[in-house]
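A short write-up of the structure that comes next.
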Amino acid sequence: MGIRYAIIGGTGVYNAGDIADADTKTIHTPYGDTMVTIGRYADREVAFMARHGVQHGTPPHLINYRANLYALKSLGVEQVLATAAVGSLQRSYQPGELVLVDDVIDMTKSRKSTFFDEGRVVHVDMSDPYCSRLRRGLREAAGKLGYDLHDGGVYVCTEGPRFETKAEIAMYAQLGGSVVGMTSMPEATLAKELELCYATVCMVTNWAAGLSPHPLTHEEVTSAMAANVEKLRRLFYQFIENDTGERTCGCTTAVGGQAPLTGEESA
Ligand code: HPA
C-alpha cells in the first residue's frame with residue numbers, strides 16, 4: 001500500500017515509539033537532506049520525522065521545512081500528523097491539555113515558506129490550513145481513547161528562538177490567538193502546497209509570557225512534553241489504525257493537482 005502516513009514529532013517527540021521493523025534513512029531532496037524513520041503500525045507503513053532532529057539540535061527558525069515536507073511527499077506520504085509544544089495565551093487552554101488547532105497566524109520572518117519561488121506563481125488557499133477531515137479523524141480517535149481535546153484554536157507562530165515579550169503575548173491574545181509556538185509555519189503552508197493532508201495536535205506546556213508566574217525556560221517545555229509524549233503517539237496511531245485512507249477533502253487539489261512530485265514514482 002506504500003507509506004501513506006507520516007508523523008512529525010516536535011519538541012519532546014524524538015522517536016516513533018512502538019513501530020515494527022523501524023529503519024532510519026537519509027532522504028536527499030533538492031532542498032537538502034533529512035532523516036526519516038520508516039516502520040509499520042497495525043500493518044500500515046508510517047514515516048516518522050523529528051522536526052528538530054533526534055537530539056533537538058535544530059532551532060525552529062533554522063529547520064529545513066522544505067526538505068522535510070518534500071522528503072515525505074517523495075516517499076508517497078499523503079497524510080501528515082504533527083505535534084507541537086505551545087504556550088497558552090488564554091486561561092481556557094491550560095498546561096497539560098491537548099489542542100487540535102484549526103487556524104494559524106503567521107508571525108515568522110526569515111523562513112523559506114514556498115515551493116513556488118520560480119517557474120509558476122502560485123497563491124495557495126489557506127482558509128483551512130489544517131485538514132478538516134484529519135481533524136475529524138483525530139477527534140474520533142481521541143474520543144475512542146477517552147482523551148479530552150480542545151476542538152479548535154488559533155496557533156500563533158512566532159519566529160523564535162526567543163520566547164515572546166509580555167506585550168507581544170497580550171497583542172496575540174487580543175488578535176484572537178489561543179496558543180503560541182514556533183513551528184507550525186511554514187510547515188502547514190508547505191504541506192498544502194504539496195497537496196498533503198496536514199494537522200497539528202498541540203500540547204500546552206506552559207502559560208505564555210506575562211501569564212506565567214515565572215520566566216520561561218526550554219526545560220519547562222520539555223519536561224511538560226515528556227509527561228505526554230506517549231499520549232500523543234497513541235492518539236496518532238489510533239487515527240492511523242482507524243483511517244480508511246480515502247481522502248475526501250480538498251487537500252488533494254490544493255494547487256490544482258500541480259504540486260511538486262505529483263505523478264512521480266515514490267522513492
Ligand atoms: N512560546 C513560544 N513557543 C513555545 C512556547 C511559548 O510560550 N511554549 C512552547 N513553545
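Ordering of the C-alpha cells sets the chain letters (A, B, ...); residue numbers start at 1 within each chain; ligands are numbered from 1 in the order shown.
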
List every residue of segment 75-194 of chain A that has an atom at most 9 Å from any atom of segment 52-66 of chain A, giving for each one its closest atom pair and the distance in Å to one decimal, counting only C-alpha atoms, sorted by chain and then by ascending residue number, as a Markdown table.
```
| residue | atom | partner | partner_atom | distance |
| --- | --- | --- | --- | --- |
| A:Thr108 | CA | A:His61 | CA | 8.3 |
| A:Lys109 | CA | A:His61 | CA | 8.8 |
| A:Ser110 | CA | A:His61 | CA | 7.3 |
| A:Arg111 | CA | A:His61 | CA | 6.7 |
| A:Lys112 | CA | A:Arg66 | CA | 7.4 |
| A:Ser113 | CA | A:Arg66 | CA | 7.7 |
| A:Thr114 | CA | A:Arg66 | CA | 7.7 |
| A:Phe115 | CA | A:Arg66 | CA | 7.3 |
| A:Glu159 | CA | A:His61 | CA | 6.1 |
| A:Gly160 | CA | A:His61 | CA | 6.5 |
| A:Pro161 | CA | A:Pro60 | CA | 6.3 |
| A:Met182 | CA | A:Pro60 | CA | 6.0 |
| A:Thr183 | CA | A:Pro60 | CA | 5.8 |
| A:Met185 | CA | A:Tyr65 | CA | 8.8 |
| A:Pro186 | CA | A:Tyr65 | CA | 7.0 |
| A:Glu187 | CA | A:Tyr65 | CA | 6.0 |
| A:Leu190 | CA | A:Arg66 | CA | 6.8 |
```

Restricted to all heavy atoms, what would the selected residues look like written as a short mmCIF file (atom, residue, chain, number, x, y, z; two decimals), in the first residue's frame?
```cif
data_model
loop_
_atom_site.label_atom_id
_atom_site.label_comp_id
_atom_site.auth_asym_id
_atom_site.auth_seq_id
_atom_site.Cartn_x
_atom_site.Cartn_y
_atom_site.Cartn_z
N THR A 108 6.14 34.65 11.53
CA THR A 108 7.54 34.33 11.25
C THR A 108 8.11 35.36 10.28
O THR A 108 7.38 36.10 9.62
CB THR A 108 7.69 32.90 10.67
OG1 THR A 108 7.04 32.84 9.40
CG2 THR A 108 7.09 31.88 11.60
N LYS A 109 9.46 35.39 10.19
CA LYS A 109 10.09 36.48 9.43
C LYS A 109 11.10 36.01 8.39
O LYS A 109 11.30 36.66 7.38
CB LYS A 109 10.85 37.41 10.40
CG LYS A 109 9.97 38.08 11.41
CD LYS A 109 10.82 38.83 12.44
CE LYS A 109 9.95 39.37 13.56
NZ LYS A 109 10.72 39.86 14.70
N SER A 110 11.80 34.92 8.67
CA SER A 110 13.01 34.67 7.87
C SER A 110 12.99 33.32 7.15
O SER A 110 14.02 32.88 6.67
CB SER A 110 14.21 34.67 8.81
OG SER A 110 14.21 33.47 9.58
N ARG A 111 11.83 32.68 7.08
CA ARG A 111 11.85 31.28 6.64
C ARG A 111 11.48 31.12 5.17
O ARG A 111 10.70 31.90 4.63
CB ARG A 111 10.87 30.48 7.52
CG ARG A 111 11.16 30.69 9.00
CD ARG A 111 10.14 30.03 9.90
NE ARG A 111 10.46 30.35 11.29
CZ ARG A 111 9.92 29.78 12.34
NH1 ARG A 111 9.02 28.82 12.18
NH2 ARG A 111 10.27 30.14 13.54
N LYS A 112 12.03 30.09 4.56
CA LYS A 112 11.66 29.75 3.18
C LYS A 112 10.28 29.12 3.24
O LYS A 112 10.13 28.01 3.77
CB LYS A 112 12.65 28.74 2.60
CG LYS A 112 14.07 29.25 2.59
CD LYS A 112 14.34 29.99 1.30
CE LYS A 112 15.81 30.30 1.17
NZ LYS A 112 16.07 31.46 0.33
N SER A 113 9.28 29.82 2.71
CA SER A 113 7.92 29.38 3.01
C SER A 113 7.11 28.96 1.79
O SER A 113 5.90 28.85 1.86
CB SER A 113 7.20 30.49 3.75
OG SER A 113 7.20 31.66 2.96
N THR A 114 7.81 28.70 0.67
CA THR A 114 7.07 28.21 -0.50
C THR A 114 7.95 27.30 -1.36
O THR A 114 9.19 27.42 -1.34
CB THR A 114 6.56 29.39 -1.37
OG1 THR A 114 5.83 28.86 -2.48
CG2 THR A 114 7.68 30.27 -1.89
N PHE A 115 7.30 26.39 -2.09
CA PHE A 115 8.00 25.62 -3.12
C PHE A 115 7.93 26.34 -4.47
O PHE A 115 8.51 25.89 -5.44
CB PHE A 115 7.35 24.23 -3.27
CG PHE A 115 7.63 23.32 -2.11
CD1 PHE A 115 6.62 22.99 -1.22
CD2 PHE A 115 8.89 22.78 -1.91
CE1 PHE A 115 6.87 22.15 -0.14
CE2 PHE A 115 9.15 21.95 -0.83
CZ PHE A 115 8.14 21.63 0.04
N GLU A 159 8.65 33.74 15.32
CA GLU A 159 9.93 33.40 14.69
C GLU A 159 10.87 32.67 15.64
O GLU A 159 11.58 31.77 15.23
CB GLU A 159 10.58 34.69 14.17
CG GLU A 159 11.93 34.50 13.50
CD GLU A 159 11.85 33.73 12.19
OE1 GLU A 159 10.74 33.43 11.72
OE2 GLU A 159 12.92 33.41 11.64
N GLY A 160 10.85 33.07 16.93
CA GLY A 160 11.80 32.45 17.83
C GLY A 160 13.22 32.78 17.44
O GLY A 160 13.44 33.61 16.57
N PRO A 161 14.25 32.14 17.98
CA PRO A 161 14.08 31.12 19.02
C PRO A 161 13.78 31.70 20.40
O PRO A 161 13.53 30.95 21.32
CB PRO A 161 15.43 30.38 19.00
CG PRO A 161 16.41 31.41 18.52
CD PRO A 161 15.66 32.29 17.56
N MET A 182 6.43 27.91 17.70
CA MET A 182 7.41 28.46 16.75
C MET A 182 7.56 27.64 15.47
O MET A 182 8.47 27.90 14.69
CB MET A 182 8.79 28.57 17.42
CG MET A 182 8.81 29.41 18.68
SD MET A 182 10.45 29.43 19.44
CE MET A 182 10.10 30.19 21.03
N THR A 183 6.69 26.65 15.25
CA THR A 183 7.00 25.74 14.14
C THR A 183 5.87 25.43 13.14
O THR A 183 6.15 24.83 12.11
CB THR A 183 7.48 24.38 14.67
OG1 THR A 183 6.51 23.88 15.59
CG2 THR A 183 8.83 24.48 15.35
N MET A 185 4.34 27.19 11.09
CA MET A 185 4.56 27.85 9.80
C MET A 185 6.06 27.92 9.52
O MET A 185 6.81 28.23 10.45
CB MET A 185 3.97 29.25 9.80
CG MET A 185 2.46 29.25 9.88
SD MET A 185 1.67 28.46 8.47
CE MET A 185 1.18 29.88 7.55
N PRO A 186 6.48 27.63 8.32
CA PRO A 186 5.68 27.39 7.13
C PRO A 186 5.27 25.92 6.94
O PRO A 186 4.81 25.56 5.85
CB PRO A 186 6.62 27.81 6.00
CG PRO A 186 7.97 27.42 6.51
CD PRO A 186 7.93 27.67 8.00
N GLU A 187 5.38 25.09 7.96
CA GLU A 187 5.08 23.66 7.75
C GLU A 187 3.69 23.45 7.14
O GLU A 187 3.54 22.68 6.18
CB GLU A 187 5.20 22.93 9.09
CG GLU A 187 5.52 21.47 8.96
CD GLU A 187 5.89 20.89 10.33
OE1 GLU A 187 4.98 20.54 11.11
OE2 GLU A 187 7.09 20.78 10.61
N LEU A 190 3.59 24.61 3.44
CA LEU A 190 4.33 23.72 2.53
C LEU A 190 3.59 22.41 2.33
O LEU A 190 3.57 21.85 1.23
CB LEU A 190 5.75 23.48 3.09
CG LEU A 190 6.63 24.74 3.14
CD1 LEU A 190 7.90 24.47 3.92
CD2 LEU A 190 6.95 25.24 1.73
#
```

Write out as number ranges by chain each polymer residue (protein, DNA or RNA) that has an atom no more than 9 Å from ligand 1, with only C-alpha atoms and all ligand atoms counted. A: 11, 84-89, 156-164, 169, 179-183, 203-209, 212, 216-218, 220-222

Please identify which residues in segment 63-213 of chain A DSSP calls alpha helix (DSSP H) from the backbone, and express them as number ranges by chain. A: 65-74, 132-145, 166-174, 184-193

Can you list, as a PyMOL selection string, all residues belonging to segment 63-240 of chain A that DSSP tags as strand (DSSP E)? chain A and resi 79-88+98-100+103-107+150-151+154-158+179-181+197-207

Could you work out how far atom CA of Asp125 of chain A lies from atom CA of Leu194 of chain A, giving the answer in Å with one decimal?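 Pair atom CA of Leu194 of chain A / atom CA of Asp125 of chain A returns 12.4 Å.
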